[in-house]
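Shown next: model-v9.cif, given as mmCIF, C-alpha atoms and all ligand atoms.
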```
data_work
#
loop_
_atom_site.group_PDB
_atom_site.id
_atom_site.type_symbol
_atom_site.label_atom_id
_atom_site.label_comp_id
_atom_site.auth_asym_id
_atom_site.auth_seq_id
_atom_site.Cartn_x
_atom_site.Cartn_y
_atom_site.Cartn_z
ATOM 1 C CA MET A 17 -47.927 43.963 -50.084
ATOM 2 C CA GLN A 18 -47.356 40.347 -50.921
ATOM 3 C CA TYR A 19 -47.230 38.013 -47.905
ATOM 4 C CA ARG A 20 -44.825 35.181 -48.233
ATOM 5 C CA SER A 21 -44.218 31.973 -46.344
ATOM 6 C CA ILE A 22 -41.015 30.916 -44.607
ATOM 7 C CA GLY A 23 -39.008 27.954 -45.856
ATOM 8 C CA VAL A 24 -37.378 25.720 -43.244
ATOM 9 C CA PHE A 25 -35.215 22.686 -43.960
ATOM 10 C CA ASP A 26 -33.131 19.989 -42.333
ATOM 11 C CA SER A 27 -31.803 16.538 -43.145
ATOM 12 C CA GLY A 28 -34.794 15.071 -41.319
ATOM 13 C CA VAL A 29 -37.109 15.907 -38.445
ATOM 14 C CA GLY A 30 -34.565 17.848 -36.344
ATOM 15 C CA GLY A 31 -35.395 21.164 -37.981
ATOM 16 C CA LEU A 32 -38.943 20.879 -36.692
ATOM 17 C CA THR A 33 -37.552 22.151 -33.374
ATOM 18 C CA VAL A 34 -36.745 25.339 -35.309
ATOM 19 C CA ALA A 35 -40.080 25.354 -37.185
ATOM 20 C CA ARG A 36 -41.800 25.104 -33.788
ATOM 21 C CA ALA A 37 -39.860 28.119 -32.488
ATOM 22 C CA ILE A 38 -40.742 30.115 -35.626
ATOM 23 C CA MET A 39 -44.415 29.202 -35.243
ATOM 24 C CA GLU A 40 -44.320 30.334 -31.607
ATOM 25 C CA ALA A 41 -42.566 33.596 -32.492
ATOM 26 C CA MET A 42 -44.833 34.307 -35.476
ATOM 27 C CA PRO A 43 -48.253 32.741 -34.959
ATOM 28 C CA GLY A 44 -50.179 32.808 -38.201
ATOM 29 C CA GLN A 45 -47.081 32.754 -40.391
ATOM 30 C CA ASP A 46 -47.135 30.079 -43.101
ATOM 31 C CA ILE A 47 -44.218 27.666 -43.121
ATOM 32 C CA ILE A 48 -43.079 25.136 -45.667
ATOM 33 C CA TYR A 49 -40.787 22.495 -44.191
ATOM 34 C CA TYR A 50 -38.486 20.254 -46.236
ATOM 35 C CA GLY A 51 -37.055 17.196 -44.455
ATOM 36 C CA ASP A 52 -34.382 15.533 -46.570
ATOM 37 C CA THR A 53 -34.904 12.160 -44.904
ATOM 38 C CA ALA A 54 -33.812 10.105 -47.916
ATOM 39 C CA ARG A 55 -30.325 11.654 -47.806
ATOM 40 C CA MET A 56 -29.847 11.955 -44.068
ATOM 41 C CA PRO A 57 -27.722 11.926 -41.982
ATOM 42 C CA TYR A 58 -25.732 14.915 -43.202
ATOM 43 C CA GLY A 59 -23.354 14.683 -40.247
ATOM 44 C CA ASP A 60 -20.702 12.614 -41.994
ATOM 45 C CA LYS A 61 -21.310 13.449 -45.685
ATOM 46 C CA PRO A 62 -18.619 15.208 -47.771
ATOM 47 C CA PRO A 63 -18.918 19.022 -47.588
ATOM 48 C CA GLU A 64 -19.504 19.295 -51.378
ATOM 49 C CA GLU A 65 -22.604 17.104 -50.999
ATOM 50 C CA ILE A 66 -23.916 19.186 -48.093
ATOM 51 C CA MET A 67 -23.490 22.281 -50.254
ATOM 52 C CA ARG A 68 -25.243 20.713 -53.234
ATOM 53 C CA TYR A 69 -28.187 19.591 -51.094
ATOM 54 C CA ALA A 70 -28.523 23.021 -49.479
ATOM 55 C CA ARG A 71 -28.546 24.806 -52.850
ATOM 56 C CA GLN A 72 -31.117 22.378 -54.270
ATOM 57 C CA ILE A 73 -33.430 22.709 -51.288
ATOM 58 C CA ILE A 74 -33.170 26.514 -51.046
ATOM 59 C CA GLU A 75 -33.948 26.814 -54.772
ATOM 60 C CA PHE A 76 -36.876 24.439 -54.362
ATOM 61 C CA LEU A 77 -38.258 26.495 -51.459
ATOM 62 C CA ILE A 78 -37.808 29.742 -53.400
ATOM 63 C CA GLY A 79 -39.704 28.052 -56.251
ATOM 64 C CA ARG A 80 -42.542 27.559 -53.779
ATOM 65 C CA GLY A 81 -42.583 31.293 -53.071
ATOM 66 C CA VAL A 82 -40.901 31.617 -49.672
ATOM 67 C CA GLY A 83 -39.714 35.052 -48.561
ATOM 68 C CA ALA A 84 -36.937 33.742 -46.297
ATOM 69 C CA VAL A 85 -35.225 30.439 -45.575
ATOM 70 C CA ALA A 86 -34.232 29.131 -42.147
ATOM 71 C CA VAL A 87 -31.440 26.594 -42.514
ATOM 72 C CA ALA A 88 -32.645 24.481 -39.586
ATOM 73 C CA CYS A 89 -29.603 22.239 -39.791
ATOM 74 C CA ASN A 90 -26.349 23.135 -38.069
ATOM 75 C CA THR A 91 -24.330 20.970 -40.438
ATOM 76 C CA SER A 92 -25.630 22.860 -43.483
ATOM 77 C CA SER A 93 -25.315 26.133 -41.568
ATOM 78 C CA ALA A 94 -21.666 25.437 -40.724
ATOM 79 C CA ILE A 95 -20.635 24.180 -44.155
ATOM 80 C CA ALA A 96 -22.965 25.605 -46.805
ATOM 81 C CA VAL A 97 -24.305 28.931 -45.492
ATOM 82 C CA PRO A 98 -20.927 30.724 -45.363
ATOM 83 C CA VAL A 99 -20.263 29.732 -48.999
ATOM 84 C CA ILE A 100 -23.670 29.900 -50.729
ATOM 85 C CA GLY A 101 -25.882 31.774 -48.242
ATOM 86 C CA ARG A 102 -25.807 35.028 -50.226
ATOM 87 C CA ASP A 103 -26.448 33.490 -53.641
ATOM 88 C CA PHE A 104 -30.222 33.868 -53.407
ATOM 89 C CA ASP A 105 -32.839 36.621 -53.704
ATOM 90 C CA VAL A 106 -34.227 35.898 -50.230
ATOM 91 C CA PRO A 107 -32.521 36.064 -46.819
ATOM 92 C CA VAL A 108 -31.010 32.768 -45.667
ATOM 93 C CA VAL A 109 -30.683 32.443 -41.888
ATOM 94 C CA GLY A 110 -28.360 29.828 -40.390
ATOM 95 C CA MET A 111 -28.014 28.372 -36.897
ATOM 96 C CA ILE A 112 -24.399 29.026 -35.913
ATOM 97 C CA GLU A 113 -24.310 32.770 -35.186
ATOM 98 C CA CYS A 114 -27.587 32.510 -33.268
ATOM 99 C CA GLY A 115 -26.414 29.530 -31.201
ATOM 100 C CA ALA A 116 -23.047 31.146 -30.518
ATOM 101 C CA ALA A 117 -24.683 34.399 -29.390
ATOM 102 C CA ALA A 118 -27.099 32.560 -27.112
ATOM 103 C CA ALA A 119 -24.230 30.568 -25.566
ATOM 104 C CA ALA A 120 -21.985 33.604 -25.119
ATOM 105 C CA GLU A 121 -24.851 35.320 -23.287
ATOM 106 C CA ALA A 122 -25.833 32.308 -21.165
ATOM 107 C CA SER A 123 -22.391 31.277 -19.875
ATOM 108 C CA ARG A 124 -21.125 32.760 -16.625
ATOM 109 C CA SER A 125 -17.714 31.065 -16.593
ATOM 110 C CA GLY A 126 -16.995 31.187 -20.334
ATOM 111 C CA ARG A 127 -16.568 27.397 -20.407
ATOM 112 C CA ILE A 128 -18.985 26.327 -23.132
ATOM 113 C CA GLY A 129 -19.694 22.867 -24.509
ATOM 114 C CA VAL A 130 -21.070 22.256 -27.998
ATOM 115 C CA ILE A 131 -22.661 18.957 -28.992
ATOM 116 C CA ALA A 132 -23.038 18.546 -32.747
ATOM 117 C CA THR A 133 -22.516 16.299 -35.749
ATOM 118 C CA ALA A 134 -18.998 15.276 -36.791
ATOM 119 C CA ASN A 135 -19.138 17.680 -39.757
ATOM 120 C CA THR A 136 -20.164 20.629 -37.601
ATOM 121 C CA VAL A 137 -17.424 19.887 -35.063
ATOM 122 C CA ARG A 138 -14.824 19.451 -37.831
ATOM 123 C CA SER A 139 -15.781 22.813 -39.317
ATOM 124 C CA GLY A 140 -14.902 24.579 -36.035
ATOM 125 C CA ALA A 141 -17.724 27.030 -36.817
ATOM 126 C CA TYR A 142 -19.092 27.181 -33.277
ATOM 127 C CA SER A 143 -15.680 27.719 -31.628
ATOM 128 C CA ARG A 144 -14.889 30.525 -34.074
ATOM 129 C CA ALA A 145 -18.272 32.201 -33.677
ATOM 130 C CA ILE A 146 -18.318 31.960 -29.874
ATOM 131 C CA ARG A 147 -14.755 33.250 -29.532
ATOM 132 C CA GLY A 148 -15.582 36.038 -31.972
ATOM 133 C CA MET A 149 -18.210 37.200 -29.487
ATOM 134 C CA ARG A 150 -16.405 36.270 -26.295
ATOM 135 C CA PRO A 151 -12.652 36.006 -26.937
ATOM 136 C CA THR A 152 -11.769 34.443 -23.580
ATOM 137 C CA ALA A 153 -14.312 31.632 -23.900
ATOM 138 C CA ARG A 154 -13.086 28.056 -23.668
ATOM 139 C CA VAL A 155 -15.141 25.994 -26.100
ATOM 140 C CA VAL A 156 -15.224 22.188 -25.993
ATOM 141 C CA GLU A 157 -16.886 20.610 -29.030
ATOM 142 C CA GLN A 158 -18.106 17.027 -29.018
ATOM 143 C CA ALA A 159 -19.302 15.037 -32.046
ATOM 144 C CA CYS A 160 -22.286 12.805 -31.237
ATOM 145 C CA PRO A 161 -22.820 10.585 -34.305
ATOM 146 C CA MET A 162 -25.202 8.113 -32.639
ATOM 147 C CA LEU A 163 -27.827 10.673 -31.652
ATOM 148 C CA VAL A 164 -29.405 11.673 -34.983
ATOM 149 C CA PRO A 165 -30.218 8.074 -36.012
ATOM 150 C CA MET A 166 -31.786 7.527 -32.578
ATOM 151 C CA VAL A 167 -34.043 10.577 -32.874
ATOM 152 C CA GLU A 168 -34.953 9.596 -36.447
ATOM 153 C CA ARG A 169 -36.083 6.235 -35.040
ATOM 154 C CA GLY A 170 -38.232 8.067 -32.502
ATOM 155 C CA GLU A 171 -35.927 6.914 -29.689
ATOM 156 C CA VAL A 172 -35.507 9.894 -27.352
ATOM 157 C CA SER A 173 -35.098 8.150 -23.990
ATOM 158 C CA GLY A 174 -34.039 4.820 -22.520
ATOM 159 C CA PRO A 175 -30.783 2.977 -21.859
ATOM 160 C CA ASP A 176 -29.246 3.275 -25.337
ATOM 161 C CA VAL A 177 -29.819 7.025 -25.409
ATOM 162 C CA ARG A 178 -28.370 7.339 -21.884
ATOM 163 C CA ASN A 179 -25.298 5.251 -22.783
ATOM 164 C CA ALA A 180 -24.602 7.387 -25.842
ATOM 165 C CA LEU A 181 -25.154 10.625 -23.943
ATOM 166 C CA SER A 182 -22.954 9.532 -21.074
ATOM 167 C CA GLU A 183 -20.075 8.947 -23.523
ATOM 168 C CA TYR A 184 -20.646 12.288 -25.282
ATOM 169 C CA LEU A 185 -21.352 14.509 -22.286
ATOM 170 C CA GLN A 186 -18.564 13.198 -20.064
ATOM 171 C CA PRO A 187 -15.738 15.227 -21.673
ATOM 172 C CA LEU A 188 -17.844 18.379 -21.427
ATOM 173 C CA LEU A 189 -18.784 17.827 -17.811
ATOM 174 C CA GLU A 190 -15.165 16.972 -16.959
ATOM 175 C CA ALA A 191 -14.155 20.272 -18.546
ATOM 176 C CA ASN A 192 -16.613 21.885 -16.146
ATOM 177 C CA VAL A 193 -18.700 23.655 -18.776
ATOM 178 C CA ASP A 194 -21.601 25.693 -17.408
ATOM 179 C CA THR A 195 -23.376 25.879 -20.770
ATOM 180 C CA ILE A 196 -24.082 23.278 -23.456
ATOM 181 C CA VAL A 197 -25.265 24.351 -26.916
ATOM 182 C CA TYR A 198 -27.479 22.067 -28.961
ATOM 183 C CA GLY A 199 -25.311 22.273 -32.080
ATOM 184 C CA CYS A 200 -27.686 19.938 -33.929
ATOM 185 C CA THR A 201 -31.392 20.572 -34.307
ATOM 186 C CA HIS A 202 -32.244 16.958 -33.476
ATOM 187 C CA TYR A 203 -30.889 17.215 -29.930
ATOM 188 C CA PRO A 204 -33.645 19.300 -28.259
ATOM 189 C CA PHE A 205 -35.781 16.158 -28.593
ATOM 190 C CA LEU A 206 -33.353 14.540 -26.105
ATOM 191 C CA GLU A 207 -33.637 17.375 -23.603
ATOM 192 C CA ALA A 208 -35.080 15.309 -20.729
ATOM 193 C CA GLU A 209 -32.168 12.846 -20.798
ATOM 194 C CA ILE A 210 -29.571 15.574 -21.374
ATOM 195 C CA ARG A 211 -30.947 17.628 -18.472
ATOM 196 C CA ALA A 212 -30.931 14.579 -16.163
ATOM 197 C CA MET A 213 -27.293 13.872 -16.991
ATOM 198 C CA ALA A 214 -25.956 17.432 -17.098
ATOM 199 C CA GLY A 215 -27.675 18.518 -13.870
ATOM 200 C CA ALA A 216 -29.677 21.619 -13.087
ATOM 201 C CA SER A 217 -26.715 24.023 -12.972
ATOM 202 C CA VAL A 218 -25.733 23.653 -16.640
ATOM 203 C CA ALA A 219 -27.547 25.972 -19.060
ATOM 204 C CA LEU A 220 -28.861 24.102 -22.116
ATOM 205 C CA VAL A 221 -28.955 26.483 -25.073
ATOM 206 C CA ASP A 222 -31.212 25.942 -28.076
ATOM 207 C CA PRO A 223 -30.258 28.283 -30.958
ATOM 208 C CA ALA A 224 -33.806 27.961 -32.353
ATOM 209 C CA ILE A 225 -35.215 30.863 -30.330
ATOM 210 C CA LYS A 226 -32.725 33.362 -31.731
ATOM 211 C CA VAL A 227 -33.095 31.855 -35.210
ATOM 212 C CA ALA A 228 -36.840 32.501 -35.017
ATOM 213 C CA SER A 229 -36.189 36.146 -34.078
ATOM 214 C CA ALA A 230 -33.668 36.506 -36.900
ATOM 215 C CA VAL A 231 -36.130 35.053 -39.410
ATOM 216 C CA LYS A 232 -38.872 37.362 -38.153
ATOM 217 C CA ALA A 233 -36.582 40.367 -38.605
ATOM 218 C CA ALA A 234 -35.478 39.130 -42.037
ATOM 219 C CA ILE A 235 -38.930 38.568 -43.506
ATOM 220 C CA GLY A 236 -40.407 41.720 -41.992
ATOM 221 C CA GLU A 237 -43.950 40.351 -41.849
ATOM 222 C CA ASP A 238 -46.200 39.491 -38.950
ATOM 223 C CA GLY A 239 -48.064 36.656 -40.602
ATOM 224 C CA SER A 240 -51.401 38.108 -39.558
ATOM 225 C CA ARG A 241 -52.850 37.709 -43.039
ATOM 226 C CA GLN A 242 -51.756 34.099 -43.409
ATOM 227 C CA THR A 243 -53.280 30.792 -42.380
ATOM 228 C CA GLY A 244 -50.525 29.724 -39.991
ATOM 229 C CA LEU A 245 -50.667 26.228 -41.394
ATOM 230 C CA PRO A 246 -47.342 24.515 -41.927
ATOM 231 C CA SER A 247 -46.929 22.292 -44.947
ATOM 232 C CA PHE A 248 -44.484 19.418 -45.032
ATOM 233 C CA VAL A 249 -42.367 17.953 -47.781
ATOM 234 C CA THR A 250 -39.939 15.056 -47.478
ATOM 235 C CA SER A 251 -37.545 13.238 -49.780
ATOM 236 C CA GLY A 252 -38.237 10.066 -47.811
ATOM 237 C CA ASP A 253 -41.375 8.109 -47.027
ATOM 238 C CA PRO A 254 -44.235 10.556 -46.287
ATOM 239 C CA SER A 255 -46.182 8.181 -44.036
ATOM 240 C CA ALA A 256 -43.119 7.339 -41.943
ATOM 241 C CA PHE A 257 -42.309 11.052 -41.705
ATOM 242 C CA ALA A 258 -45.838 11.877 -40.510
ATOM 243 C CA GLU A 259 -45.768 9.073 -37.972
ATOM 244 C CA LEU A 260 -42.414 10.179 -36.556
ATOM 245 C CA VAL A 261 -43.552 13.799 -36.267
ATOM 246 C CA SER A 262 -46.655 12.632 -34.449
ATOM 247 C CA THR A 263 -44.462 10.606 -32.029
ATOM 248 C CA LEU A 264 -41.984 13.415 -31.394
ATOM 249 C CA LEU A 265 -44.234 16.479 -31.394
ATOM 250 C CA GLY A 266 -47.785 15.205 -31.266
ATOM 251 C CA TRP A 267 -48.561 17.049 -34.524
ATOM 252 C CA LYS A 268 -51.138 15.301 -36.670
ATOM 253 C CA MET A 269 -50.395 15.943 -40.315
ATOM 254 C CA GLN A 270 -53.070 16.135 -42.945
ATOM 255 C CA GLU A 271 -50.673 15.360 -45.728
ATOM 256 C CA VAL A 272 -46.969 15.123 -46.404
ATOM 257 C CA GLU A 273 -45.699 15.653 -49.904
ATOM 258 C CA HIS A 274 -42.907 13.587 -51.431
ATOM 259 C CA VAL A 275 -40.309 15.472 -53.472
ATOM 260 C CA ASN A 276 -37.036 13.918 -54.572
ATOM 261 C CA LEU A 277 -34.908 16.840 -55.733
ATOM 262 C CA ASP A 278 -32.299 14.622 -57.397
ATOM 263 C CA ALA A 279 -34.988 12.995 -59.527
ATOM 264 C CA ILE A 280 -36.901 16.109 -60.577
ATOM 265 C CA GLY A 281 -34.124 18.722 -60.723
ATOM 266 C CA ALA A 282 -33.374 21.604 -58.429
ATOM 267 C CA HIS A 283 -35.813 24.086 -59.949
ATOM 268 C CA ALA A 284 -38.877 21.910 -60.050
ATOM 269 C CA GLY A 285 -41.506 22.870 -57.561
ATOM 270 C CA GLU A 286 -44.002 20.142 -58.159
ATOM 271 C CA GLY A 287 -44.058 16.954 -56.190
ATOM 272 C CA ASP A 288 -46.415 14.049 -55.995
ATOM 273 C CA MET A 289 -48.824 13.910 -53.109
ATOM 274 C CA LEU A 290 -48.129 10.486 -51.727
ATOM 275 C CA GLY A 291 -48.617 10.980 -48.043
ATOM 276 C CA ARG A 292 -52.057 10.358 -46.689
ATOM 277 C CA PRO A 293 -51.127 9.622 -43.108
ATOM 278 C CA ASP A 294 -53.400 9.018 -40.194
ATOM 279 C CA ARG A 295 -55.813 11.920 -39.812
ATOM 280 C CA ALA A 296 -56.636 11.110 -36.210
HETATM 281 N N1 LIG A 301 -30.111 18.220 -37.705
HETATM 282 C C1 LIG A 301 -28.906 18.426 -38.389
HETATM 283 C C2 LIG A 301 -28.005 19.410 -37.710
HETATM 284 O O1 LIG A 301 -28.499 20.306 -37.066
HETATM 285 C C3 LIG A 301 -28.147 17.335 -39.055
HETATM 286 C C4 LIG A 301 -28.305 15.955 -38.652
HETATM 287 C C5 LIG A 301 -27.697 14.973 -39.623
HETATM 288 O O2 LIG A 301 -28.298 14.723 -40.640
HETATM 289 O O3 LIG A 301 -26.601 14.462 -39.342
HETATM 290 O O4 LIG A 301 -26.809 19.350 -37.821
#
```
Translate this structure into structure tokens?
Amino acid sequence: MQYRSIGVFDSGVGGLTVARAIMEAMPGQDIIYYGDTARMPYGDKPPEEIMRYARQIIEFLIGRGVGAVAVACNTSSAIAVPVIGRDFDVPVVGMIECGAAAAAEASRSGRIGVIATANTVRSGAYSRAIRGMRPTARVVEQACPMLVPMVERGEVSGPDVRNALSEYLQPLLEANVDTIVYGCTHYPFLEAEIRAMAGASVALVDPAIKVASAVKAAIGEDGSRQTGLPSFVTSGDPSAFAELVSTLLGWKMQEVEHVNLDAIGAHAGEGDMLGRPDRA
């Protein structure tokens, strides 16, 4: 039997919260992560662009031999997965159904808040999915456009983060939600500030755990014959990417590859090894 790696992608570093969950659920499984930093944020891009990026990246990952793709970006999951998710020879797992299921399970009152990008909120994907599972649920969705740029700057706490969160969380807390879904994979990095503001009684739901289970079921492998080493590819600056990942997760990267899919074409699998970040 041929053992294959798992492809994971996002507009930037947010999807690493999903890669981390996959690595915890499947120790030993090889992962290839694509962070489309040069074209982020996706949160306010036209839907056709989001779809084009998703197709390019999935084809690139398939070219690298992955056996399944986790779309570790809610924006791409909301907009592209329903349209193009079945166009490929490998399973493509998105965030929305997993996040909706986790929220529907976690909420006692049925009042559920979703924080996400403007595109994800506009799509209404979370409200539809949650109400599909729990028809009486009251879902309040809040776009949080300032948060992704903050996380991508490595800013996950402090007064600016708190000011932004207070604006975004207020409508949800006023609506008395008992559950808040991280409808963007960047937001788990802000968990300490979100928890402090939301209080202990609100359940904070990260779809990543269910996504990891879904990917495990989809690929049908246990990773025991693999190295368990993730490899990283970015469309942006490899050194900056490595430095940010080290700040956010404490992961020290040996190398980050640079691949610009617009420049080399969607089917090309070869990039140039530019990143030689700190090996500390
Ligand atoms: N992390 C992504 C998401 O889950 C998108 C962030 C962005 O580029 O706006 O939606």
Separation of atom CA of A:Gly23 from atom CA of A:Gly79 in Å: 10.4 Å
Chain and number of each residue from the PyMOL selection byres (((chain A and resi 258-272) around 12) and not hetatm), as number ranges by chain: A: 28-33, 35-36, 48-51, 53, 166-173, 202-206, 245-257, 273-275, 287-296
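Closest approach to A:Arg150 among A:Ser123, A:Ser217, A:Asn90, A:Asn276: A:Ser123, based on only C-alpha atoms.
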Env. residues ligand LIG 301 (chain A) / 8 Å / all atoms listed in the file / as a PyMOL selection string: chain A and resi 26-31+56-60+88-93+132-133+136+161+164+199-203
Selection result for the PyMOL selection byres (((chain A and resi 219-224) around 10) and not hetatm) on this file, as JSON, numbers by chain: {"A": [31, 32, 33, 34, 35, 36, 37, 38, 86, 88, 90, 110, 111, 112, 113, 114, 115, 116, 117, 118, 119, 120, 121, 122, 123, 124, 128, 129, 130, 193, 194, 195, 196, 197, 198, 199, 200, 201, 203, 204, 207, 210, 211, 214, 215, 216, 217, 218, 225, 226, 227, 228, 229, 230]}
Å distance separating atom CA of A:Ala153 from atom CA of A:Lys61, one decimal place: 29.2 Å
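The coordinates place atom CA of A:Leu277 at 17.3 Å from atom CA of A:Ala96.
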Stretch 113-123 of chain A: axis-aligned bounding box, 5 Å on each side, centre and edge lengths in Å, one decimal, as AutoDock Vina command-line options:
```
--center_x -24.8 --center_y 32.4 --center_z -27.5 --size_x 15.6 --size_y 15.8 --size_z 25.3
```
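Of the listed residues (A:Ala145, A:Val137, A:Leu185, A:Ala70), A:Ala70 comes nearest to A:Val24; the distances count all atoms listed in the file.
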